[in-house]
>>> print(open('upload-v8.txt').read())   # compact mmCIF, C-alpha atoms
# COMPACT_ATOMS: atom_id res chain seq x y z
CA MET A 1225 -12.49 4.97 30.71
CA SER A 1226 -10.99 8.33 31.47
CA GLU A 1227 -12.81 10.89 33.57
CA GLU A 1228 -12.30 14.60 33.87
CA ASN A 1229 -13.86 17.44 35.82
CA TYR A 1230 -14.85 20.87 34.57
CA ASP A 1231 -16.79 23.94 35.64
CA LEU A 1232 -18.52 24.12 32.30
CA VAL A 1233 -18.96 21.80 29.34
CA ILE A 1234 -20.30 23.30 26.13
CA ILE A 1235 -21.79 20.84 23.67
CA GLY A 1236 -21.61 22.10 20.08
CA GLY A 1237 -18.93 24.13 18.30
CA GLY A 1238 -20.96 26.49 16.12
CA PRO A 1239 -21.18 30.26 16.64
CA ALA A 1240 -23.34 29.94 19.79
CA GLY A 1241 -20.99 27.44 21.43
CA LEU A 1242 -17.82 29.27 20.37
CA THR A 1243 -19.08 32.61 21.67
CA CYS A 1244 -20.06 30.95 24.92
CA ALA A 1245 -16.50 29.54 25.07
CA ILE A 1246 -14.96 33.00 24.57
CA TYR A 1247 -16.99 34.37 27.47
CA ALA A 1248 -16.24 31.33 29.63
CA GLY A 1249 -12.52 31.72 28.99
CA ARG A 1250 -12.63 35.35 30.04
CA ALA A 1251 -14.59 34.35 33.15
CA ARG A 1252 -11.75 31.91 33.92
CA LEU A 1253 -14.11 28.97 34.10
CA LYS A 1254 -12.47 25.61 33.53
CA THR A 1255 -14.22 24.91 30.27
CA LEU A 1256 -14.40 22.14 27.70
CA ILE A 1257 -16.14 22.52 24.36
CA LEU A 1258 -17.17 19.42 22.43
CA GLU A 1259 -17.94 19.22 18.72
CA LYS A 1260 -18.97 16.05 16.91
CA VAL A 1261 -18.18 16.91 13.30
CA SER A 1262 -16.91 20.31 12.23
CA TRP A 1263 -16.07 23.41 14.23
CA GLY A 1264 -18.26 26.22 12.99
CA GLY A 1265 -21.40 24.18 12.51
CA LYS A 1266 -23.78 25.78 10.04
CA LEU A 1267 -21.32 28.63 9.48
CA LEU A 1268 -19.36 26.34 7.21
CA PHE A 1269 -22.31 26.10 4.88
CA ILE A 1270 -22.46 29.84 4.36
CA ASN A 1271 -20.54 31.21 1.42
CA LYS A 1272 -20.77 34.90 2.27
CA ILE A 1273 -22.29 36.62 5.27
CA GLU A 1274 -23.18 40.25 4.70
CA ASN A 1275 -25.27 40.97 7.78
CA TYR A 1276 -22.76 40.15 10.52
CA PRO A 1277 -21.82 43.50 12.07
CA GLY A 1278 -18.20 44.52 11.87
CA PHE A 1279 -17.54 43.35 8.32
CA SER A 1280 -18.29 45.97 5.68
CA GLU A 1281 -17.16 43.46 3.06
CA PRO A 1282 -19.04 40.13 3.15
CA VAL A 1283 -17.12 37.51 5.13
CA SER A 1284 -17.10 33.77 4.46
CA GLY A 1285 -18.54 31.44 7.09
CA LEU A 1286 -15.27 29.52 7.14
CA ARG A 1287 -13.22 32.62 7.94
CA LEU A 1288 -15.65 33.74 10.64
CA MET A 1289 -15.46 30.29 12.23
CA GLU A 1290 -11.64 30.27 12.14
CA GLU A 1291 -11.54 33.66 13.85
CA MET A 1292 -14.09 32.68 16.52
CA LYS A 1293 -12.23 29.48 17.29
CA LYS A 1294 -8.86 31.22 17.50
CA GLN A 1295 -10.40 33.80 19.79
CA ALA A 1296 -11.68 31.12 22.16
CA GLU A 1297 -8.33 29.32 22.04
CA ASN A 1298 -6.63 32.54 23.14
CA PHE A 1299 -8.55 32.33 26.40
CA GLY A 1300 -7.41 28.82 27.21
CA ILE A 1301 -10.51 26.82 26.38
CA GLU A 1302 -10.10 23.10 25.84
CA PHE A 1303 -11.42 21.81 22.51
CA ARG A 1304 -12.27 18.20 21.78
CA GLU A 1305 -13.82 16.49 18.80
CA GLU A 1306 -16.15 13.99 20.41
CA GLU A 1307 -19.77 13.12 19.87
CA VAL A 1308 -21.92 13.18 22.99
CA ILE A 1309 -24.10 10.09 23.20
CA GLU A 1310 -25.56 10.47 26.65
CA ILE A 1311 -25.89 13.06 29.36
CA ASP A 1312 -26.98 12.66 32.93
CA ILE A 1313 -27.98 16.11 34.15
CA LYS A 1314 -30.43 15.40 36.93
CA GLY A 1315 -27.98 15.81 39.80
CA LYS A 1316 -25.65 18.61 40.91
CA GLU A 1317 -22.87 16.97 38.99
CA LYS A 1318 -23.57 16.69 35.27
CA ILE A 1319 -22.13 13.63 33.58
CA ILE A 1320 -21.43 13.67 29.85
CA THR A 1321 -20.52 10.50 28.00
CA THR A 1322 -19.05 10.60 24.51
CA GLN A 1323 -18.78 8.05 21.76
CA GLY A 1324 -15.11 7.52 22.57
CA GLU A 1325 -16.34 6.20 25.95
CA LYS A 1326 -14.92 9.21 27.72
CA ILE A 1327 -16.75 10.65 30.70
CA PHE A 1328 -16.69 14.35 31.52
CA ARG A 1329 -18.04 15.72 34.80
CA SER A 1330 -19.15 19.29 35.02
CA LEU A 1331 -21.00 21.69 37.27
CA ALA A 1332 -22.91 23.25 34.39
CA VAL A 1333 -23.70 22.38 30.79
CA VAL A 1334 -24.50 24.60 27.81
CA ILE A 1335 -26.20 22.88 24.90
CA ALA A 1336 -25.52 24.54 21.55
CA THR A 1337 -25.95 21.60 19.22
CA GLY A 1338 -27.83 23.49 16.53
CA THR A 1339 -29.79 21.87 13.77
CA ASP A 1340 -29.58 19.47 10.88
CA TYR A 1341 -31.09 19.96 7.44
CA LYS A 1342 -34.53 18.52 6.84
CA GLU A 1343 -35.02 16.03 4.07
CA LEU A 1344 -37.89 16.15 1.59
CA GLY A 1345 -38.71 12.51 2.22
CA VAL A 1346 -39.39 11.67 -1.42
CA PRO A 1347 -38.27 8.58 -3.36
CA GLY A 1348 -34.80 9.01 -4.87
CA GLU A 1349 -33.59 11.53 -2.33
CA ILE A 1350 -31.38 9.17 -0.33
CA GLU A 1351 -30.34 7.06 -3.32
CA PHE A 1352 -29.00 10.07 -5.21
CA LEU A 1353 -27.27 11.82 -2.31
CA GLY A 1354 -23.91 12.87 -3.73
CA LYS A 1355 -25.18 11.89 -7.18
CA GLY A 1356 -27.01 15.14 -7.76
CA VAL A 1357 -28.93 15.56 -4.50
CA SER A 1358 -27.30 18.09 -2.17
CA TYR A 1359 -28.03 20.09 0.96
CA CYS A 1360 -25.05 22.43 0.56
CA GLY A 1361 -24.77 24.82 -2.37
CA THR A 1362 -21.54 26.28 -1.05
CA CYS A 1363 -19.97 22.83 -1.07
CA ASP A 1364 -21.27 21.44 -4.31
CA GLY A 1365 -22.41 24.39 -6.44
CA PRO A 1366 -19.22 24.78 -8.47
CA LEU A 1367 -19.50 21.14 -9.53
CA PHE A 1368 -22.69 22.06 -11.39
CA GLN A 1369 -21.09 24.45 -13.87
CA ASN A 1370 -23.43 24.87 -16.87
CA LYS A 1371 -25.85 22.28 -15.55
CA GLU A 1372 -29.59 22.59 -15.02
CA ILE A 1373 -30.63 22.30 -11.41
CA VAL A 1374 -33.68 22.40 -9.19
CA VAL A 1375 -33.68 24.27 -5.87
CA VAL A 1376 -36.42 23.44 -3.36
CA GLY A 1377 -37.49 25.94 -0.70
CA GLY A 1378 -38.45 29.58 -0.22
CA GLY A 1379 -36.75 30.82 2.96
CA ASP A 1380 -33.52 32.78 3.45
CA THR A 1381 -31.29 29.77 2.98
CA ALA A 1382 -33.00 28.68 -0.24
CA LEU A 1383 -32.74 32.20 -1.68
CA GLU A 1384 -29.12 32.75 -0.65
CA GLU A 1385 -28.17 29.42 -2.13
CA THR A 1386 -30.11 30.13 -5.34
CA ILE A 1387 -28.17 33.38 -5.76
CA PHE A 1388 -24.88 31.55 -5.15
CA LEU A 1389 -25.77 28.66 -7.45
CA SER A 1390 -26.88 31.00 -10.25
CA ARG A 1391 -23.21 31.84 -10.81
CA PHE A 1392 -22.55 28.28 -11.95
CA ALA A 1393 -25.76 26.71 -13.19
CA LYS A 1394 -27.04 27.30 -16.70
CA LYS A 1395 -30.60 27.29 -15.41
CA ILE A 1396 -32.22 27.03 -11.99
CA PHE A 1397 -35.81 26.05 -11.32
CA LEU A 1398 -36.75 27.32 -7.88
CA LEU A 1399 -39.63 25.24 -6.57
CA HIS A 1400 -41.73 26.66 -3.79
CA ARG A 1401 -44.89 25.13 -2.38
CA ARG A 1402 -46.59 28.47 -1.72
CA ASP A 1403 -47.35 31.47 -3.95
CA LYS A 1404 -45.02 33.80 -2.00
CA LEU A 1405 -41.40 33.49 -0.87
CA ARG A 1406 -40.61 33.66 2.85
CA GLY A 1407 -37.01 34.91 2.65
CA ALA A 1408 -35.75 38.47 3.23
CA LYS A 1409 -36.96 41.08 0.73
CA ILE A 1410 -33.44 41.98 -0.42
CA LEU A 1411 -32.84 38.32 -1.27
CA GLN A 1412 -36.18 38.07 -3.08
CA GLU A 1413 -35.30 41.12 -5.20
CA ARG A 1414 -31.99 39.56 -6.16
CA VAL A 1415 -33.57 36.22 -7.03
CA PHE A 1416 -36.25 37.90 -9.17
CA SER A 1417 -33.55 39.77 -11.09
CA LEU A 1418 -31.54 36.67 -12.01
CA PRO A 1419 -32.01 35.83 -15.70
CA ASN A 1420 -31.27 32.12 -15.27
CA VAL A 1421 -33.74 31.50 -12.42
CA GLU A 1422 -37.30 30.42 -13.08
CA ILE A 1423 -39.65 30.19 -10.10
CA LYS A 1424 -42.30 27.50 -10.07
CA TRP A 1425 -44.95 28.52 -7.54
CA ASN A 1426 -47.23 26.17 -5.60
CA THR A 1427 -45.02 23.30 -6.66
CA VAL A 1428 -43.72 20.27 -4.78
CA VAL A 1429 -41.33 17.45 -5.67
CA LEU A 1430 -42.89 13.99 -5.80
CA LYS A 1431 -39.90 11.96 -6.88
CA ILE A 1432 -36.26 12.24 -7.94
CA GLU A 1433 -35.38 9.97 -10.85
CA GLY A 1434 -32.35 8.82 -12.81
CA LYS A 1435 -30.13 5.85 -13.58
CA GLU A 1436 -26.72 6.41 -12.00
CA LYS A 1437 -27.25 10.09 -11.30
CA VAL A 1438 -30.14 12.53 -11.04
CA GLU A 1439 -31.78 13.01 -14.43
CA ARG A 1440 -35.16 14.53 -13.63
CA VAL A 1441 -37.66 15.32 -10.92
CA LYS A 1442 -41.36 14.64 -10.95
CA ILE A 1443 -43.28 17.67 -9.71
CA LYS A 1444 -46.85 18.57 -8.88
CA ASN A 1445 -48.62 21.90 -8.93
CA LEU A 1446 -50.73 22.04 -5.77
CA LYS A 1447 -53.24 24.50 -7.28
CA THR A 1448 -53.92 22.78 -10.58
CA GLU A 1449 -53.04 19.24 -9.34
CA LYS A 1450 -51.08 18.85 -12.59
CA GLU A 1451 -48.01 16.64 -12.56
CA ASP A 1452 -44.95 17.27 -14.72
CA PHE A 1453 -41.23 16.53 -15.08
CA ILE A 1454 -38.18 18.80 -15.03
CA SER A 1455 -34.94 17.52 -16.55
CA CYS A 1456 -32.01 18.41 -14.31
CA GLN A 1457 -28.65 17.15 -13.06
CA GLY A 1458 -28.90 18.51 -9.55
CA VAL A 1459 -31.50 18.89 -6.80
CA PHE A 1460 -30.59 21.26 -3.95
CA ILE A 1461 -32.88 21.01 -0.93
CA PHE A 1462 -33.28 23.85 1.58
CA ILE A 1463 -36.61 23.30 3.31
CA GLY A 1464 -35.71 24.01 6.90
CA VAL A 1465 -34.01 22.40 9.82
CA ARG A 1466 -34.57 20.06 12.74
CA PRO A 1467 -32.93 20.37 16.17
CA GLN A 1468 -30.16 18.00 17.17
CA THR A 1469 -31.56 17.00 20.52
CA GLY A 1470 -31.87 13.22 20.18
CA PHE A 1471 -29.15 12.57 22.77
CA LEU A 1472 -31.13 14.50 25.39
CA LYS A 1473 -33.85 11.86 25.48
CA ASN A 1474 -36.40 13.03 28.06
CA PHE A 1475 -34.10 15.00 30.32
CA LEU A 1476 -35.21 18.43 29.16
CA LYS A 1477 -38.43 20.14 28.22
CA LEU A 1478 -38.62 20.32 24.44
CA ASP A 1479 -41.31 21.66 22.12
CA GLU A 1480 -43.23 19.36 19.77
CA GLU A 1481 -40.50 19.65 17.11
CA GLY A 1482 -37.71 18.90 19.59
CA PHE A 1483 -36.34 22.42 20.13
CA ILE A 1484 -35.23 23.15 23.71
CA ILE A 1485 -37.47 25.44 25.74
CA THR A 1486 -35.65 28.05 27.84
CA ASP A 1487 -36.38 31.32 29.60
CA GLU A 1488 -34.80 34.60 28.49
CA LYS A 1489 -31.66 33.76 30.51
CA MET A 1490 -31.23 30.59 28.42
CA LYS A 1491 -32.09 28.39 31.41
CA THR A 1492 -33.67 25.05 30.52
CA SER A 1493 -36.07 23.01 32.62
CA GLN A 1494 -33.08 21.44 34.38
CA GLU A 1495 -30.98 23.33 36.91
CA GLY A 1496 -27.45 24.00 35.73
CA VAL A 1497 -28.30 23.27 32.10
CA PHE A 1498 -28.52 26.06 29.55
CA ALA A 1499 -29.23 26.14 25.83
CA CYS A 1500 -28.44 28.67 23.13
CA GLY A 1501 -28.44 29.18 19.37
CA ASP A 1502 -30.48 27.40 16.72
CA VAL A 1503 -31.30 24.44 18.98
CA ARG A 1504 -33.41 26.70 21.20
CA LYS A 1505 -37.12 27.19 20.61
CA ASN A 1506 -37.90 30.51 18.90
CA SER A 1507 -34.25 31.33 18.30
CA LEU A 1508 -33.82 33.61 15.31
CA LYS A 1509 -31.71 31.51 12.97
CA GLN A 1510 -28.98 34.08 12.45
CA VAL A 1511 -25.28 33.99 13.31
CA VAL A 1512 -25.44 37.27 15.22
CA ASN A 1513 -28.25 35.96 17.38
CA ALA A 1514 -26.55 32.63 18.04
CA CYS A 1515 -23.52 34.57 19.30
CA ALA A 1516 -25.65 36.79 21.53
CA GLU A 1517 -27.40 33.79 23.03
CA GLY A 1518 -24.03 32.11 23.60
CA ALA A 1519 -22.95 35.11 25.65
CA ILE A 1520 -26.15 35.11 27.70
CA ALA A 1521 -25.94 31.37 28.32
CA CYS A 1522 -22.38 31.74 29.56
CA LEU A 1523 -23.24 34.57 31.95
CA SER A 1524 -26.16 32.56 33.35
CA ALA A 1525 -23.96 29.48 33.71
CA GLU A 1526 -21.25 31.52 35.42
CA LYS A 1527 -23.72 32.82 37.98
CA TYR A 1528 -25.03 29.31 38.59
CA ILE A 1529 -21.50 27.86 38.96
CA GLU A 1530 -20.58 30.55 41.49
CA GLY A 1531 -23.68 29.64 43.48
CA VAL A 1532 -22.75 25.95 43.51
CA LYS A 1533 -19.12 26.59 44.41
CA TYR A 1534 -19.47 29.32 47.00
CA GLY A 1535 -23.08 28.99 48.06
CA MET B 1273 1.10 12.96 5.03
CA VAL B 1274 -1.56 13.51 2.40
CA LYS B 1275 -0.05 14.02 -1.05
CA GLU B 1276 -1.56 16.36 -3.65
CA VAL B 1277 -2.21 14.37 -6.79
CA GLY B 1278 -3.21 15.62 -10.25
CA LEU B 1279 -3.79 14.48 -13.81
CA THR B 1280 -0.19 13.53 -14.56
CA ASP B 1281 0.46 11.33 -11.54
CA PHE B 1282 -3.04 9.96 -10.86
CA GLN B 1283 -2.35 6.70 -12.72
CA LYS B 1284 0.93 6.06 -10.95
CA GLU B 1285 -0.02 7.25 -7.46
CA VAL B 1286 -3.56 5.90 -7.29
CA LEU B 1287 -4.40 3.28 -9.90
CA ASP B 1288 -1.03 1.50 -9.94
CA SER B 1289 -0.43 1.63 -6.19
CA ASP B 1290 0.25 -1.61 -4.33
CA LEU B 1291 -1.24 -0.22 -1.14
CA PRO B 1292 -4.92 0.76 -1.06
CA VAL B 1293 -5.28 4.51 -1.67
CA LEU B 1294 -7.59 6.96 0.05
CA VAL B 1295 -8.47 9.85 -2.27
CA ASP B 1296 -9.94 13.00 -0.71
CA PHE B 1297 -11.74 15.19 -3.27
CA TRP B 1298 -11.79 18.75 -1.98
CA ALA B 1299 -11.71 22.45 -2.90
CA GLU B 1300 -10.64 25.73 -1.29
CA TRP B 1301 -14.17 27.11 -1.17
CA CYS B 1302 -15.69 24.07 0.55
CA GLY B 1303 -15.96 24.69 4.31
CA PRO B 1304 -16.74 21.10 5.31
CA CYS B 1305 -13.75 19.89 3.22
CA ARG B 1306 -11.42 22.18 5.11
CA MET B 1307 -12.69 20.72 8.36
CA VAL B 1308 -12.32 17.10 7.26
CA SER B 1309 -8.76 17.64 5.97
CA PRO B 1310 -7.06 17.80 9.39
CA ILE B 1311 -8.81 14.59 10.44
CA ILE B 1312 -7.59 12.87 7.29
CA GLU B 1313 -4.10 14.28 7.83
CA ASN B 1314 -4.21 12.82 11.33
CA LEU B 1315 -5.40 9.40 10.13
CA SER B 1316 -2.74 9.33 7.42
CA GLU B 1317 -0.10 9.04 10.16
CA GLU B 1318 -2.00 6.37 12.03
CA TYR B 1319 -2.59 4.26 8.91
CA LYS B 1320 0.58 4.95 6.93
CA GLU B 1321 1.61 1.30 6.92
CA LYS B 1322 -1.72 0.15 5.50
CA ILE B 1323 -3.12 2.94 3.32
CA LYS B 1324 -1.71 5.62 1.06
CA PHE B 1325 -3.42 9.02 1.44
CA VAL B 1326 -3.81 11.51 -1.41
CA LYS B 1327 -6.02 14.49 -2.16
CA ILE B 1328 -7.34 15.96 -5.38
CA ASN B 1329 -8.41 19.56 -5.80
CA VAL B 1330 -11.57 19.39 -7.93
CA ASP B 1331 -11.05 22.98 -9.15
CA LYS B 1332 -7.64 22.18 -10.56
CA PHE B 1333 -8.55 18.74 -11.85
CA PRO B 1334 -12.23 18.68 -12.80
CA GLU B 1335 -11.42 15.89 -15.31
CA ILE B 1336 -10.66 13.44 -12.51
CA ALA B 1337 -13.68 14.57 -10.48
CA SER B 1338 -16.04 14.08 -13.40
CA ARG B 1339 -14.44 10.75 -14.37
CA TYR B 1340 -15.54 9.42 -10.97
CA GLY B 1341 -18.87 11.27 -10.98
CA ILE B 1342 -18.02 13.50 -8.01
CA MET B 1343 -21.03 15.77 -7.50
CA SER B 1344 -20.59 16.53 -3.83
CA ILE B 1345 -17.54 17.28 -1.75
CA PRO B 1346 -15.88 16.25 0.42
CA THR B 1347 -16.08 12.82 -1.21
CA ILE B 1348 -13.64 10.17 -0.08
CA LEU B 1349 -12.91 7.17 -2.28
CA ILE B 1350 -10.74 4.19 -1.51
CA PHE B 1351 -9.04 2.53 -4.47
CA TYR B 1352 -7.46 -0.89 -4.47
CA LYS B 1353 -5.83 -2.36 -7.57
CA GLY B 1354 -7.28 0.43 -9.68
CA LYS B 1355 -10.88 -0.02 -8.53
CA ILE B 1356 -13.07 1.82 -6.05
CA ILE B 1357 -13.75 -0.44 -3.09
CA SER B 1358 -15.38 2.07 -0.69
CA GLN B 1359 -16.76 5.58 -0.70
CA THR B 1360 -18.24 8.10 1.66
CA LEU B 1361 -19.18 11.77 1.56
CA GLY B 1362 -19.86 14.78 3.73
CA SER B 1363 -18.23 15.98 6.92
CA GLN B 1364 -17.66 13.27 9.49
CA THR B 1365 -16.08 12.63 12.83
CA LYS B 1366 -12.74 10.91 13.27
CA THR B 1367 -14.53 7.88 14.70
CA GLN B 1368 -16.77 7.63 11.64
CA LEU B 1369 -13.83 7.93 9.26
CA LYS B 1370 -11.87 5.35 11.21
CA ASN B 1371 -14.77 2.92 10.98
CA PHE B 1372 -14.94 3.64 7.27
CA LEU B 1373 -11.24 2.82 6.86
CA GLU B 1374 -11.52 -0.36 8.93
CA GLU B 1375 -14.49 -1.55 6.84
CA ALA B 1376 -12.58 -0.81 3.64
CA LEU B 1377 -9.52 -2.73 4.85
CA LYS B 1378 -11.69 -5.79 5.46
CA LYS B 1379 -12.51 -5.88 1.76
CA ILE B 1380 -8.88 -6.41 0.80
>>> encode(input="upload-v8.txt", output="structure tokens")
Amino acid sequence: MSEENYDLVIIGGGPAGLTCAIYAGRARLKTLILEKVSWGGKLLFINKIENYPGFSEPVSGLRLMEEMKKQAENFGIEFREEEVIEIDIKGKEKIITTQGEKIFRSLAVVIATGTDYKELGVPGEIEFLGKGVSYCGTCDGPLFQNKEIVVVGGGDTALEETIFLSRFAKKIFLLHRRDKLRGAKILQERVFSLPNVEIKWNTVVLKIEGKEKVERVKIKNLKTEKEDFISCQGVFIFIGVRPQTGFLKNFLKLDEEGFIITDEKMKTSQEGVFACGDVRKNSLKQVVNACAEGAIACLSAEKYIEGVKYG
Amino acid sequence: MVKEVGLTDFQKEVLDSDLPVLVDFWAEWCGPCRMVSPIIENLSEEYKEKIKFVKINVDKFPEIASRYGIMSIPTILIFYKGKIISQTLGSQTKTQLKNFLEEALKKI
């Protein structure tokens, strides 16, 4: 087992973690940032971002990620692709263990692990993953050229993805369990204006069916209690997210859904441990906010590290 | 090295290969694909004695993608003697992909 010492370890390489890394580099903290799967996190799932300040033309999530990462690299941050499986953060020295059996020691830790997509939890969902069931329109949409698809959800993500998918699909049935959409008004207006999108209100999916691939979904109208089927080749699910905080076990105060509770300085219940971005309770799930929280977390961590080092 | 393969050389490079072949289905617009690619590139060096690595752009060659029912990318298939012996999809860590390769090699 190899062991290394740092001032700061950032767990999670999405916009919150990367911004934190940029600030840490400029503060000349000896910093390591860990990412388990893909640098950029949820950014990679966004086709076009039009509300990130500084880009008058919409920018792709991929491009934004590449720029953020390069920016952090310029300041001498160390990047590693490792999944954290355990952290011991009770003492002054924080110990982070990764799947590769590496141990990293650090004075402070910033957790920016973000969220994962929620599943519907209906029969057929797991069986048909990659066979018509998808959680990423940006990844899979173009493979559904001229196909009929179902989109489930009613928030920003569901609406943005519906707009993106409407370029490819012949017909989209947008299923929402309420009688009103939750997403931003501008997105609602666009969805309402799309000729190939039909919204089914008060409707939930009961089952996804097919032989080799998705062929239809069984739905239910919650108002009338009537059940029905929709023939389709794809089911895109955007019904919200869950925090990736499993590895924290009981070390930190979490809310009932598992989001990390912090104060306005991004301090968690444990000294020397900070959290930022989507993984934090009440965080606005927007790139610009994740970045801002990353900056705050870094400044709080910097102050804490100075206190530990110089008293 | 991960070789770009298309319609004309798919038979020769993939189906007729003596070594097992890893096929990475990807596209320019797919963020997660672009993140998995460097990991696969990396593994292609480590495993070059045991596995041949190729990639197929689903935009350029939708025929191949639809022949194998690719409805989500990145999808990674492993062929041996013309048949699919293993498959996986979505973005993954290097450790996960390595385990996937090791499991596939056991089937040979």
>>> residues_around(input="upload-v8.txt", residues="segment 1466-1475 of chain A", least_positions_apart="5", cutoff="10 Å", atoms="only C-alpha atoms", output="list in words")
Gly1236, Glu1307, Val1308, Ile1309, Glu1310, Ile1311, Asp1312, Ile1313, Lys1314, Ile1335, Ala1336, Thr1337, Gly1338, Thr1339, Asp1340, Tyr1341, Lys1342, Glu1343, Glu1481, Gly1482, Phe1483, Ile1484, Ser1493, Gln1494, Asp1502, Val1503, Arg1504 and Lys1505 of chain A
>>> interface_residues(input="upload-v8.txt", of="chain B", to="chain A", cutoff="8 Å", atoms="only C-alpha atoms", output="VMD selection string")
chain B and resid 1301 to 1304 1307 to 1308 1341 to 1346 1361 1363 to 1367
>>> write_last_selection(input="upload-v8.txt", atoms="C-alpha atoms", output="JSON list (two decimals), keeping the file's coordinate frame")
[["chain", "number", "residue", "atom", "x", "y", "z"],
["B", 1301, "TRP", "CA", -14.17, 27.11, -1.17],
["B", 1302, "CYS", "CA", -15.69, 24.07, 0.55],
["B", 1303, "GLY", "CA", -15.96, 24.69, 4.31],
["B", 1304, "PRO", "CA", -16.74, 21.10, 5.31],
["B", 1307, "MET", "CA", -12.69, 20.72, 8.36],
["B", 1308, "VAL", "CA", -12.32, 17.10, 7.26],
["B", 1341, "GLY", "CA", -18.87, 11.27, -10.98],
["B", 1342, "ILE", "CA", -18.02, 13.50, -8.01],
["B", 1343, "MET", "CA", -21.03, 15.77, -7.50],
["B", 1344, "SER", "CA", -20.59, 16.53, -3.83],
["B", 1345, "ILE", "CA", -17.54, 17.28, -1.75],
["B", 1346, "PRO", "CA", -15.88, 16.25, 0.42],
["B", 1361, "LEU", "CA", -19.18, 11.77, 1.56],
["B", 1363, "SER", "CA", -18.23, 15.98, 6.92],
["B", 1364, "GLN", "CA", -17.66, 13.27, 9.49],
["B", 1365, "THR", "CA", -16.08, 12.63, 12.83],
["B", 1366, "LYS", "CA", -12.74, 10.91, 13.27],
["B", 1367, "THR", "CA", -14.53, 7.88, 14.70]]
>>> atom_distance(input="upload-v8.txt", atom1="atom CA of Ile1520 of chain A", atom2="atom CA of Ile1327 of chain A")
26.4 Å
>>> residues_around(input="upload-v8.txt", residues="Leu1349 of chain B", least_positions_apart="2", cutoff="6 Å", atoms="only C-alpha atoms", output="PDB file with C-alpha atoms, in the frame of the given file")
ATOM      1  CA  LEU B1294      -7.590   6.960   0.050  1.00  0.00           C
ATOM      2  CA  VAL B1295      -8.470   9.850  -2.270  1.00  0.00           C
ATOM      3  CA  SER B1358     -15.380   2.070  -0.690  1.00  0.00           C
ATOM      4  CA  GLN B1359     -16.760   5.580  -0.700  1.00  0.00           C
TER       5      GLN B1359
END
>>> residues_around(input="upload-v8.txt", residues="Ser1524 of chain A", least_positions_apart="6", cutoff="12 Å", atoms="all atoms listed in the file", output="list in words")
Leu1232, Cys1244, Tyr1247, Ala1248, Ala1251, Ala1332, Val1333, Val1334, Thr1486, Asp1487, Glu1488, Lys1489, Met1490, Lys1491, Thr1492, Glu1495, Gly1496, Val1497, Phe1498, Ala1499, Cys1500, Glu1517, Gly1518, Glu1530 and Gly1531 of chain A
>>> write_last_selection(input="upload-v8.txt", atoms="C-alpha atoms", output="mmCIF file, keeping the file's coordinate frame")
data_model
loop_
_atom_site.group_PDB
_atom_site.id
_atom_site.type_symbol
_atom_site.label_atom_id
_atom_site.label_comp_id
_atom_site.auth_asym_id
_atom_site.auth_seq_id
_atom_site.Cartn_x
_atom_site.Cartn_y
_atom_site.Cartn_z
ATOM 1 C CA LEU A 1232 -18.520 24.120 32.300
ATOM 2 C CA CYS A 1244 -20.060 30.950 24.920
ATOM 3 C CA TYR A 1247 -16.990 34.370 27.470
ATOM 4 C CA ALA A 1248 -16.240 31.330 29.630
ATOM 5 C CA ALA A 1251 -14.590 34.350 33.150
ATOM 6 C CA ALA A 1332 -22.910 23.250 34.390
ATOM 7 C CA VAL A 1333 -23.700 22.380 30.790
ATOM 8 C CA VAL A 1334 -24.500 24.600 27.810
ATOM 9 C CA THR A 1486 -35.650 28.050 27.840
ATOM 10 C CA ASP A 1487 -36.380 31.320 29.600
ATOM 11 C CA GLU A 1488 -34.800 34.600 28.490
ATOM 12 C CA LYS A 1489 -31.660 33.760 30.510
ATOM 13 C CA MET A 1490 -31.230 30.590 28.420
ATOM 14 C CA LYS A 1491 -32.090 28.390 31.410
ATOM 15 C CA THR A 1492 -33.670 25.050 30.520
ATOM 16 C CA GLU A 1495 -30.980 23.330 36.910
ATOM 17 C CA GLY A 1496 -27.450 24.000 35.730
ATOM 18 C CA VAL A 1497 -28.300 23.270 32.100
ATOM 19 C CA PHE A 1498 -28.520 26.060 29.550
ATOM 20 C CA ALA A 1499 -29.230 26.140 25.830
ATOM 21 C CA CYS A 1500 -28.440 28.670 23.130
ATOM 22 C CA GLU A 1517 -27.400 33.790 23.030
ATOM 23 C CA GLY A 1518 -24.030 32.110 23.600
ATOM 24 C CA GLU A 1530 -20.580 30.550 41.490
ATOM 25 C CA GLY A 1531 -23.680 29.640 43.480
#
>>> atom_distance(input="upload-v8.txt", atom1="atom CA of Ile1380 of chain B", atom2="atom CA of Ile1311 of chain B")
23.1 Å
>>> residues_around(input="upload-v8.txt", residues="Lys1327 of chain B", least_positions_apart="2", cutoff="7 Å", atoms="only C-alpha atoms", output="PyMOL selection string")
chain B and resi 1274-1277+1295-1297+1329
>>> residues_near_point(input="upload-v8.txt", point="(3.7, 11.6, 3.7)", cutoff="12 Å", atoms="all atoms listed in the file", output="short mmCIF file (atom, residue, chain, number, x, y, z; two decimals) with C-alpha atoms, keeping the file's coordinate frame")
data_model
loop_
_atom_site.label_atom_id
_atom_site.label_comp_id
_atom_site.auth_asym_id
_atom_site.auth_seq_id
_atom_site.Cartn_x
_atom_site.Cartn_y
_atom_site.Cartn_z
CA MET B 1273 1.10 12.96 5.03
CA VAL B 1274 -1.56 13.51 2.40
CA LYS B 1275 -0.05 14.02 -1.05
CA GLU B 1276 -1.56 16.36 -3.65
CA ILE B 1312 -7.59 12.87 7.29
CA GLU B 1313 -4.10 14.28 7.83
CA ASN B 1314 -4.21 12.82 11.33
CA LEU B 1315 -5.40 9.40 10.13
CA SER B 1316 -2.74 9.33 7.42
CA GLU B 1317 -0.10 9.04 10.16
CA GLU B 1318 -2.00 6.37 12.03
CA TYR B 1319 -2.59 4.26 8.91
CA LYS B 1320 0.58 4.95 6.93
CA GLU B 1321 1.61 1.30 6.92
CA ILE B 1323 -3.12 2.94 3.32
CA LYS B 1324 -1.71 5.62 1.06
CA PHE B 1325 -3.42 9.02 1.44
CA VAL B 1326 -3.81 11.51 -1.41
CA LYS B 1327 -6.02 14.49 -2.16
#
